[in-house]
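Just below is one structure, and these are the notes that go with it.
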Amino acid sequence: VLRHSSCTLLCCAALVSSVACGSKKQPPKPRPPTSDAAVTVNNKPRLVVLIVVDQLPSWSFDKQHTFMKSGIGRLLRGGTFYPRAEYPYAITYTAPGHVALATGAPPAVSGILANGWYQRSLGRSVSAVADKEHPIMLVNPAGDTAKNKRKRAYGASAARLKVTGVGDWLRAQTDGKGKAIAVSLKDRAANFVLGQRPNLAIWYDAGQAAMTTSSWYAKQPPPWLLDLAKKKPVSANFNYVWKLASPELTARITGNPDDAPGEGGIYGLTNTFPHSLAKASAAAALRATPVGPLITTQTAIAAVHGEQLGKDDIPDLLAVSYSSHDYAGHTWGQESWERFDLLLHIDKQIGVLLDELDRVVGKDRYTVVLTSDHGVTRVVEQSKQHKRAAHRITTDALMIPLTKACEGVLGKGKWIAAGSASMVYMTAEFHKLPSPRKDKALAAMVAALKAVKGIAYAKRTDQLAGNCATRRGIDALVCRSLAPNESGDIFVAVAPNSIFSGEYKTGTTHGSPNPDDRFVPIIVHTPGGKARVVKGPVSTLRIAPTLARMLDIKPAKTAPAPALVP
Ligand SMILES: [Zn+2]
């Protein structure tokens, strides 16, 4: 509809209520309540975009969204902002988060419990995306080393996902004409953010310093991806130096010094600015710097052109997940200078992406949903509760009393198989014991876990599985994270402000059922929309049905939540 093409979003809204375009002095009349639907019907989107900012908790975005002046700012200025959207399950990691966005289903239904979890049949933990049947492709010849070849052989796919997602619904309901493409630095984000079989998922392989895919999606990498690797090689950024535009402003906004307590480093990057990739393991370290959102956006834009997204009236679907925000959040903390500055860079890169979509697809021909896959807990040393109720819980602090409690009942033996994804897995030998002995041992273990400083909750999972609708509070959240035969025997959760410090002697993490880890923002942006805030909590399981509504397709039965748009 050409009459809209030269107007700003505000002007388009004004057109709907019959105010002449360009009469700036006259304030636009309030739009009638049905105008959202009217605009959508008149201008059916040709492209629906899902943007994920990895690890963006409500508690932090609440304080900082007003500083978003570019892409995120634009979405806020013309969209509905839900500051407190909720993941309704307990194990809050990247893989189940992206799966929930794609499928509208909690882990108990989707089968993706965590980023990786213990597999009883194998006797070890396995990554949720690992798939030896579908090796990762070589896109950059520089990655043709024995080491990278071994790594690529681990493969990646969405094969473990038990339910379909919005990308699958789109392909099935448009006879394959609607395309679904996912881009992220992380394999677990790209592979899960659109469902089982999007047309393509692309992610970053540090071993070859290139964006790549796996044979789950295609026999060969698409030509445009090979082209991108040649024309804009990731290695061109290996001398990048990350500096702050204004350290004074950053200090004021974050309320922290550059080297705040508890901050760590990553791949040779230290805890203070400037961060020079030349002094670090550049190919890996760049993921925690603004180079991450830069190459993510470059790839997303190349995908829009290469796959002809938004070119015809059958809508396409693009998901872009900005992983660097999570790397920075883990390493330096959510309230660090680095993490805040990275969000500003992501804001800018989303602006670049939206500007390109304006040109290629048309300003009023695409819709955007922005959200996150989980929140995060404050750095323990920066918490007001530090040394009183905020603890880094070491693996020993858990496993020593746990083993002691178990052996106190059963005697010495190999009873505990593993601690994995907030769960304790017992061995096959243990499960051969008579029930009363098992019950007594598990009761002693639960009591021992609850006595550990920083632990708030421990319960046998067989007392929590089944119909989650009948459960309340954390019990219901845990129930939605459990799958028969896959979950451990005991679920354990940290208290608010505490973390499991196994991988995080410094920095911080997420994964708990606490609100800091579960609540994230959502922004829903449709053409001609205006800024609106919906303060009450909404479930993130409503995003997949929302995307489906925007694409004019039906969600699967496994995504029963109502859409956020009419
Ligand atoms: Zn994540």
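Ordering of the structure tokens sets the chain letters (A, B, ...), residue numbers begin anew at 1 in every chain, and ligands are numbered from 1 in the order given.
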Can you pull out every residue within 10 Å of Leu309 in chain A, counting only C-alpha atoms, but drop anything in the same chain fewer than 3 positions away, and send it as a PyMOL selection string?
chain A and resi 46-48+178-181+301+303-306+312+314-318+357+360-361
File of the preceding selection, N, CA, C and O atoms, as a PDB file, in the first residue's frame:
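The new file part03.pdb reads:
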```
ATOM      1  N   ARG A  46       4.664  -9.302   5.488  1.00  0.00           N
ATOM      2  CA  ARG A  46       5.377 -10.233   4.604  1.00  0.00           C
ATOM      3  C   ARG A  46       6.512 -10.930   5.347  1.00  0.00           C
ATOM      4  O   ARG A  46       7.074 -11.897   4.863  1.00  0.00           O
ATOM      5  N   LEU A  47       6.842 -10.363   6.479  1.00  0.00           N
ATOM      6  CA  LEU A  47       7.916 -10.951   7.272  1.00  0.00           C
ATOM      7  C   LEU A  47       7.588 -10.745   8.752  1.00  0.00           C
ATOM      8  O   LEU A  47       7.179  -9.656   9.158  1.00  0.00           O
ATOM      9  N   VAL A  48       7.761 -11.809   9.537  1.00  0.00           N
ATOM     10  CA  VAL A  48       7.615 -11.723  10.986  1.00  0.00           C
ATOM     11  C   VAL A  48       8.987 -11.998  11.579  1.00  0.00           C
ATOM     12  O   VAL A  48       9.657 -12.962  11.202  1.00  0.00           O
ATOM     13  N   GLY A 178       6.256 -20.435   2.737  1.00  0.00           N
ATOM     14  CA  GLY A 178       6.738 -19.530   3.783  1.00  0.00           C
ATOM     15  C   GLY A 178       8.046 -20.069   4.333  1.00  0.00           C
ATOM     16  O   GLY A 178       8.141 -21.237   4.689  1.00  0.00           O
ATOM     17  N   LYS A 179       9.058 -19.200   4.398  1.00  0.00           N
ATOM     18  CA  LYS A 179      10.383 -19.641   4.836  1.00  0.00           C
ATOM     19  C   LYS A 179      10.649 -19.268   6.282  1.00  0.00           C
ATOM     20  O   LYS A 179      10.224 -18.206   6.733  1.00  0.00           O
ATOM     21  N   ALA A 180      11.375 -20.129   6.986  1.00  0.00           N
ATOM     22  CA  ALA A 180      11.745 -19.867   8.376  1.00  0.00           C
ATOM     23  C   ALA A 180      13.259 -19.988   8.526  1.00  0.00           C
ATOM     24  O   ALA A 180      13.830 -21.049   8.276  1.00  0.00           O
ATOM     25  N   ILE A 181      13.912 -18.885   8.938  1.00  0.00           N
ATOM     26  CA  ILE A 181      15.376 -18.829   9.020  1.00  0.00           C
ATOM     27  C   ILE A 181      15.782 -18.319  10.401  1.00  0.00           C
ATOM     28  O   ILE A 181      15.241 -17.313  10.870  1.00  0.00           O
ATOM     29  N   ILE A 301      21.087 -10.011   7.892  1.00  0.00           N
ATOM     30  CA  ILE A 301      20.805  -9.203   6.697  1.00  0.00           C
ATOM     31  C   ILE A 301      21.152  -9.992   5.428  1.00  0.00           C
ATOM     32  O   ILE A 301      20.395  -9.985   4.447  1.00  0.00           O
ATOM     33  N   ALA A 303      20.968 -13.133   5.167  1.00  0.00           N
ATOM     34  CA  ALA A 303      19.913 -14.151   5.041  1.00  0.00           C
ATOM     35  C   ALA A 303      18.653 -13.553   4.410  1.00  0.00           C
ATOM     36  O   ALA A 303      18.003 -14.196   3.582  1.00  0.00           O
ATOM     37  N   VAL A 304      18.310 -12.332   4.816  1.00  0.00           N
ATOM     38  CA  VAL A 304      17.130 -11.668   4.255  1.00  0.00           C
ATOM     39  C   VAL A 304      17.282 -11.555   2.736  1.00  0.00           C
ATOM     40  O   VAL A 304      16.348 -11.863   1.984  1.00  0.00           O
ATOM     41  N   HIS A 305      18.472 -11.143   2.296  1.00  0.00           N
ATOM     42  CA  HIS A 305      18.710 -11.024   0.854  1.00  0.00           C
ATOM     43  C   HIS A 305      18.849 -12.392   0.192  1.00  0.00           C
ATOM     44  O   HIS A 305      18.213 -12.672  -0.822  1.00  0.00           O
ATOM     45  N   GLY A 306      19.678 -13.248   0.784  1.00  0.00           N
ATOM     46  CA  GLY A 306      19.979 -14.547   0.172  1.00  0.00           C
ATOM     47  C   GLY A 306      18.773 -15.451   0.057  1.00  0.00           C
ATOM     48  O   GLY A 306      18.639 -16.207  -0.903  1.00  0.00           O
ATOM     49  N   ASP A 312       7.387 -11.850  -1.032  1.00  0.00           N
ATOM     50  CA  ASP A 312       6.055 -12.073  -1.608  1.00  0.00           C
ATOM     51  C   ASP A 312       4.986 -12.052  -0.517  1.00  0.00           C
ATOM     52  O   ASP A 312       5.294 -11.816   0.653  1.00  0.00           O
ATOM     53  N   ILE A 314       3.243 -14.414   0.760  1.00  0.00           N
ATOM     54  CA  ILE A 314       3.252 -15.504   1.740  1.00  0.00           C
ATOM     55  C   ILE A 314       4.337 -15.168   2.758  1.00  0.00           C
ATOM     56  O   ILE A 314       5.515 -15.079   2.417  1.00  0.00           O
ATOM     57  N   PRO A 315       3.934 -14.916   4.001  1.00  0.00           N
ATOM     58  CA  PRO A 315       4.898 -14.358   4.951  1.00  0.00           C
ATOM     59  C   PRO A 315       6.026 -15.328   5.293  1.00  0.00           C
ATOM     60  O   PRO A 315       5.833 -16.551   5.289  1.00  0.00           O
ATOM     61  N   ASP A 316       7.177 -14.766   5.572  1.00  0.00           N
ATOM     62  CA  ASP A 316       8.341 -15.516   6.033  1.00  0.00           C
ATOM     63  C   ASP A 316       8.599 -15.190   7.500  1.00  0.00           C
ATOM     64  O   ASP A 316       7.992 -14.285   8.063  1.00  0.00           O
ATOM     65  N   LEU A 317       9.515 -15.957   8.076  1.00  0.00           N
ATOM     66  CA  LEU A 317       9.800 -15.841   9.502  1.00  0.00           C
ATOM     67  C   LEU A 317      11.312 -15.797   9.693  1.00  0.00           C
ATOM     68  O   LEU A 317      12.029 -16.663   9.179  1.00  0.00           O
ATOM     69  N   LEU A 318      11.765 -14.786  10.421  1.00  0.00           N
ATOM     70  CA  LEU A 318      13.204 -14.651  10.702  1.00  0.00           C
ATOM     71  C   LEU A 318      13.381 -14.551  12.212  1.00  0.00           C
ATOM     72  O   LEU A 318      12.718 -13.746  12.862  1.00  0.00           O
ATOM     73  N   LEU A 357      15.374  -3.783   6.872  1.00  0.00           N
ATOM     74  CA  LEU A 357      14.044  -4.354   6.607  1.00  0.00           C
ATOM     75  C   LEU A 357      13.104  -3.286   6.054  1.00  0.00           C
ATOM     76  O   LEU A 357      12.266  -3.578   5.194  1.00  0.00           O
ATOM     77  N   VAL A 360      14.132  -3.213   2.370  1.00  0.00           N
ATOM     78  CA  VAL A 360      13.954  -4.426   1.573  1.00  0.00           C
ATOM     79  C   VAL A 360      12.508  -4.925   1.609  1.00  0.00           C
ATOM     80  O   VAL A 360      11.958  -5.325   0.589  1.00  0.00           O
ATOM     81  N   VAL A 361      11.910  -4.910   2.795  1.00  0.00           N
ATOM     82  CA  VAL A 361      10.569  -5.481   2.956  1.00  0.00           C
ATOM     83  C   VAL A 361       9.508  -4.376   2.936  1.00  0.00           C
ATOM     84  O   VAL A 361       8.408  -4.577   2.416  1.00  0.00           O
TER      85      VAL A 361
END
```
Around ligand 1, out to 7 Å and counting only C-alpha atoms and all ligand atoms, which residues are there? I want them as a list in words.
Asp54, Gln55, Tyr93, Thr94, Ser323, Asp326, Asp373 and His374 of chain A
Per DSSP on the backbone, filter range 329-462 of chain A down to the residues in alpha helix (DSSP H) and report them as an MDAnalysis selection string.
chainID A and resid 329:332 337:360 395:410 428:431 435:450
Skip Ser215 in chain A itself and residues of its chain fewer than 2 positions away, then list as a PyMOL selection string all residues within 6 Å of it, counting only C-alpha atoms.
chain A and resi 134-135+217-219
Within 8 Å of range 59-68 of chain A using only C-alpha atoms, minus same-chain residues under 3 positions, as a list in words:
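So, after excluding close chain neighbours, the residues are Leu56, Gly71, Ile72, Gly73, Pro83, Ile253, Gln334, Glu335, Leu344, Asp347, Asp516, Phe519 and Pro521 of chain A.
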I need the chosen residues saved as an mmCIF file, in the first residue's frame, with C-alpha atoms.
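For reference, result-v2.cif as written:
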```cif
data_model
loop_
_atom_site.group_PDB
_atom_site.id
_atom_site.type_symbol
_atom_site.label_atom_id
_atom_site.label_comp_id
_atom_site.auth_asym_id
_atom_site.auth_seq_id
_atom_site.Cartn_x
_atom_site.Cartn_y
_atom_site.Cartn_z
ATOM 1 C CA LEU A 56 17.816 -9.965 29.538
ATOM 2 C CA GLY A 71 16.408 -0.407 17.310
ATOM 3 C CA ILE A 72 15.078 -1.457 20.718
ATOM 4 C CA GLY A 73 14.047 2.152 21.302
ATOM 5 C CA PRO A 83 7.984 -5.512 31.273
ATOM 6 C CA ILE A 253 23.951 4.140 34.787
ATOM 7 C CA GLN A 334 24.428 -7.953 34.481
ATOM 8 C CA GLU A 335 25.351 -4.675 36.235
ATOM 9 C CA LEU A 344 23.724 -0.444 23.632
ATOM 10 C CA ASP A 347 20.257 -1.718 20.328
ATOM 11 C CA ASP A 516 15.321 -12.900 38.668
ATOM 12 C CA PHE A 519 11.106 -12.775 34.272
ATOM 13 C CA PRO A 521 10.522 -8.257 28.881
#
```
Residues within 10 Å of range 224-236 of chain A, only C-alpha atoms, excluding chain neighbours under 5 positions, as a PyMOL selection string:
chain A and resi 138-141+202+204+206+208-213+282-283+286+291-292+294-295+298-299+302-303+305-307
Contacts of Leu342 in chain A within 10 Å, only C-alpha atoms, excl. fewer than 4 positions in-chain, as a PyMOL selection string
chain A and resi 242+288-293+324-326+328-329+336-338+346-348
Expected file contents, prior selection, all heavy atoms, as a short mmCIF file (atom, residue, chain, number, x, y, z; two decimals), in the first residue's frame:
```cif
data_model
loop_
_atom_site.label_atom_id
_atom_site.label_comp_id
_atom_site.auth_asym_id
_atom_site.auth_seq_id
_atom_site.Cartn_x
_atom_site.Cartn_y
_atom_site.Cartn_z
N TRP A 242 37.60 -2.92 22.07
CA TRP A 242 36.32 -2.48 22.63
C TRP A 242 36.60 -1.38 23.65
O TRP A 242 37.21 -1.62 24.69
CB TRP A 242 35.64 -3.68 23.28
CG TRP A 242 34.26 -3.43 23.83
CD1 TRP A 242 33.48 -2.32 23.69
CD2 TRP A 242 33.50 -4.35 24.62
NE1 TRP A 242 32.28 -2.49 24.34
CE2 TRP A 242 32.26 -3.72 24.92
CE3 TRP A 242 33.75 -5.65 25.10
CZ2 TRP A 242 31.28 -4.36 25.68
CZ3 TRP A 242 32.77 -6.28 25.86
CH2 TRP A 242 31.55 -5.64 26.15
N ALA A 288 31.93 -12.39 23.31
CA ALA A 288 31.53 -11.59 24.48
C ALA A 288 31.68 -10.10 24.23
O ALA A 288 31.56 -9.31 25.16
CB ALA A 288 32.37 -12.01 25.69
N THR A 289 31.95 -9.70 23.00
CA THR A 289 32.18 -8.29 22.67
C THR A 289 31.16 -7.81 21.63
O THR A 289 30.41 -8.61 21.07
CB THR A 289 33.60 -8.09 22.08
OG1 THR A 289 33.60 -8.57 20.72
CG2 THR A 289 34.66 -8.82 22.90
N PRO A 290 31.18 -6.51 21.31
CA PRO A 290 30.26 -5.99 20.28
C PRO A 290 30.47 -6.60 18.89
O PRO A 290 29.62 -6.40 18.02
CB PRO A 290 30.57 -4.49 20.28
CG PRO A 290 31.04 -4.21 21.67
CD PRO A 290 31.84 -5.42 22.05
N VAL A 291 31.56 -7.32 18.67
CA VAL A 291 31.73 -8.01 17.38
C VAL A 291 30.62 -9.06 17.23
O VAL A 291 30.16 -9.33 16.11
CB VAL A 291 33.13 -8.66 17.27
CG1 VAL A 291 33.24 -9.48 16.00
CG2 VAL A 291 34.21 -7.58 17.31
N GLY A 292 30.18 -9.64 18.35
CA GLY A 292 29.11 -10.65 18.30
C GLY A 292 27.84 -10.13 17.64
O GLY A 292 27.40 -10.67 16.62
N PRO A 293 27.23 -9.06 18.21
CA PRO A 293 26.02 -8.52 17.55
C PRO A 293 26.28 -8.01 16.14
O PRO A 293 25.38 -8.08 15.29
CB PRO A 293 25.56 -7.39 18.47
CG PRO A 293 26.62 -7.22 19.50
CD PRO A 293 27.45 -8.47 19.53
N SER A 324 25.70 -12.61 22.50
CA SER A 324 26.83 -11.95 23.17
C SER A 324 26.43 -11.34 24.51
O SER A 324 27.22 -11.27 25.44
CB SER A 324 27.39 -10.85 22.27
OG SER A 324 27.86 -11.43 21.09
N HIS A 325 25.17 -10.89 24.58
CA HIS A 325 24.66 -10.31 25.80
C HIS A 325 24.75 -11.30 26.96
O HIS A 325 25.02 -10.92 28.10
CB HIS A 325 23.20 -9.90 25.54
CG HIS A 325 22.65 -8.98 26.57
ND1 HIS A 325 21.74 -9.38 27.51
CD2 HIS A 325 22.89 -7.67 26.79
CE1 HIS A 325 21.42 -8.34 28.26
NE2 HIS A 325 22.10 -7.30 27.86
N ASP A 326 24.57 -12.57 26.68
CA ASP A 326 24.65 -13.61 27.70
C ASP A 326 26.10 -13.89 28.09
O ASP A 326 26.43 -14.03 29.26
CB ASP A 326 23.98 -14.89 27.18
CG ASP A 326 24.02 -16.03 28.19
OD1 ASP A 326 23.25 -15.97 29.17
OD2 ASP A 326 24.83 -16.96 28.00
N ALA A 328 28.55 -11.81 27.99
CA ALA A 328 29.01 -10.68 28.80
C ALA A 328 28.36 -10.71 30.18
O ALA A 328 29.02 -10.44 31.19
CB ALA A 328 28.69 -9.37 28.08
N GLY A 329 27.08 -11.06 30.22
CA GLY A 329 26.37 -11.12 31.50
C GLY A 329 26.97 -12.16 32.43
O GLY A 329 27.14 -11.93 33.63
N SER A 336 27.44 -4.86 35.03
CA SER A 336 28.80 -4.44 34.65
C SER A 336 28.75 -3.40 33.54
O SER A 336 27.76 -3.28 32.81
CB SER A 336 29.61 -5.64 34.18
OG SER A 336 29.04 -6.18 32.99
N TRP A 337 29.85 -2.69 33.39
CA TRP A 337 29.99 -1.74 32.28
C TRP A 337 29.88 -2.48 30.95
O TRP A 337 29.25 -2.01 30.01
CB TRP A 337 31.36 -1.05 32.35
CG TRP A 337 31.51 -0.07 33.47
CD1 TRP A 337 30.75 0.00 34.62
CD2 TRP A 337 32.48 0.97 33.55
NE1 TRP A 337 31.20 1.03 35.40
CE2 TRP A 337 32.26 1.64 34.78
CE3 TRP A 337 33.53 1.40 32.73
CZ2 TRP A 337 33.05 2.72 35.18
CZ3 TRP A 337 34.31 2.47 33.13
CH2 TRP A 337 34.06 3.13 34.34
N GLU A 338 30.55 -3.66 30.92
CA GLU A 338 30.59 -4.42 29.66
C GLU A 338 29.18 -4.84 29.22
O GLU A 338 28.81 -4.68 28.06
CB GLU A 338 31.45 -5.68 29.84
CG GLU A 338 32.95 -5.43 29.90
CD GLU A 338 33.44 -5.11 31.31
OE1 GLU A 338 32.60 -4.92 32.23
OE2 GLU A 338 34.68 -5.05 31.50
N ILE A 346 23.81 -3.80 20.88
CA ILE A 346 22.73 -4.62 20.32
C ILE A 346 21.58 -3.72 19.87
O ILE A 346 21.00 -3.92 18.80
CB ILE A 346 22.28 -5.68 21.35
CG1 ILE A 346 23.38 -6.73 21.53
CG2 ILE A 346 20.97 -6.35 20.93
CD1 ILE A 346 23.16 -7.70 22.67
N ASP A 347 21.28 -2.71 20.69
CA ASP A 347 20.26 -1.72 20.33
C ASP A 347 20.60 -1.11 18.96
O ASP A 347 19.74 -1.01 18.08
CB ASP A 347 20.23 -0.64 21.43
CG ASP A 347 19.23 0.47 21.15
OD1 ASP A 347 18.12 0.16 20.68
OD2 ASP A 347 19.56 1.64 21.42
N LYS A 348 21.87 -0.75 18.81
CA LYS A 348 22.32 -0.14 17.55
C LYS A 348 22.21 -1.14 16.39
O LYS A 348 21.72 -0.80 15.31
CB LYS A 348 23.78 0.32 17.72
CG LYS A 348 24.28 1.19 16.60
CD LYS A 348 25.71 1.65 16.89
CE LYS A 348 26.54 1.53 15.63
NZ LYS A 348 27.98 1.47 15.89
#
```
Determine which residues of range 250-472 of chain A DSSP labels as strand (DSSP E) from the backbone of this structure, then write them out as a ChimeraX atom specification.
/A:275-276,316-322,366-371,392-393,416-420,423-426,455-460
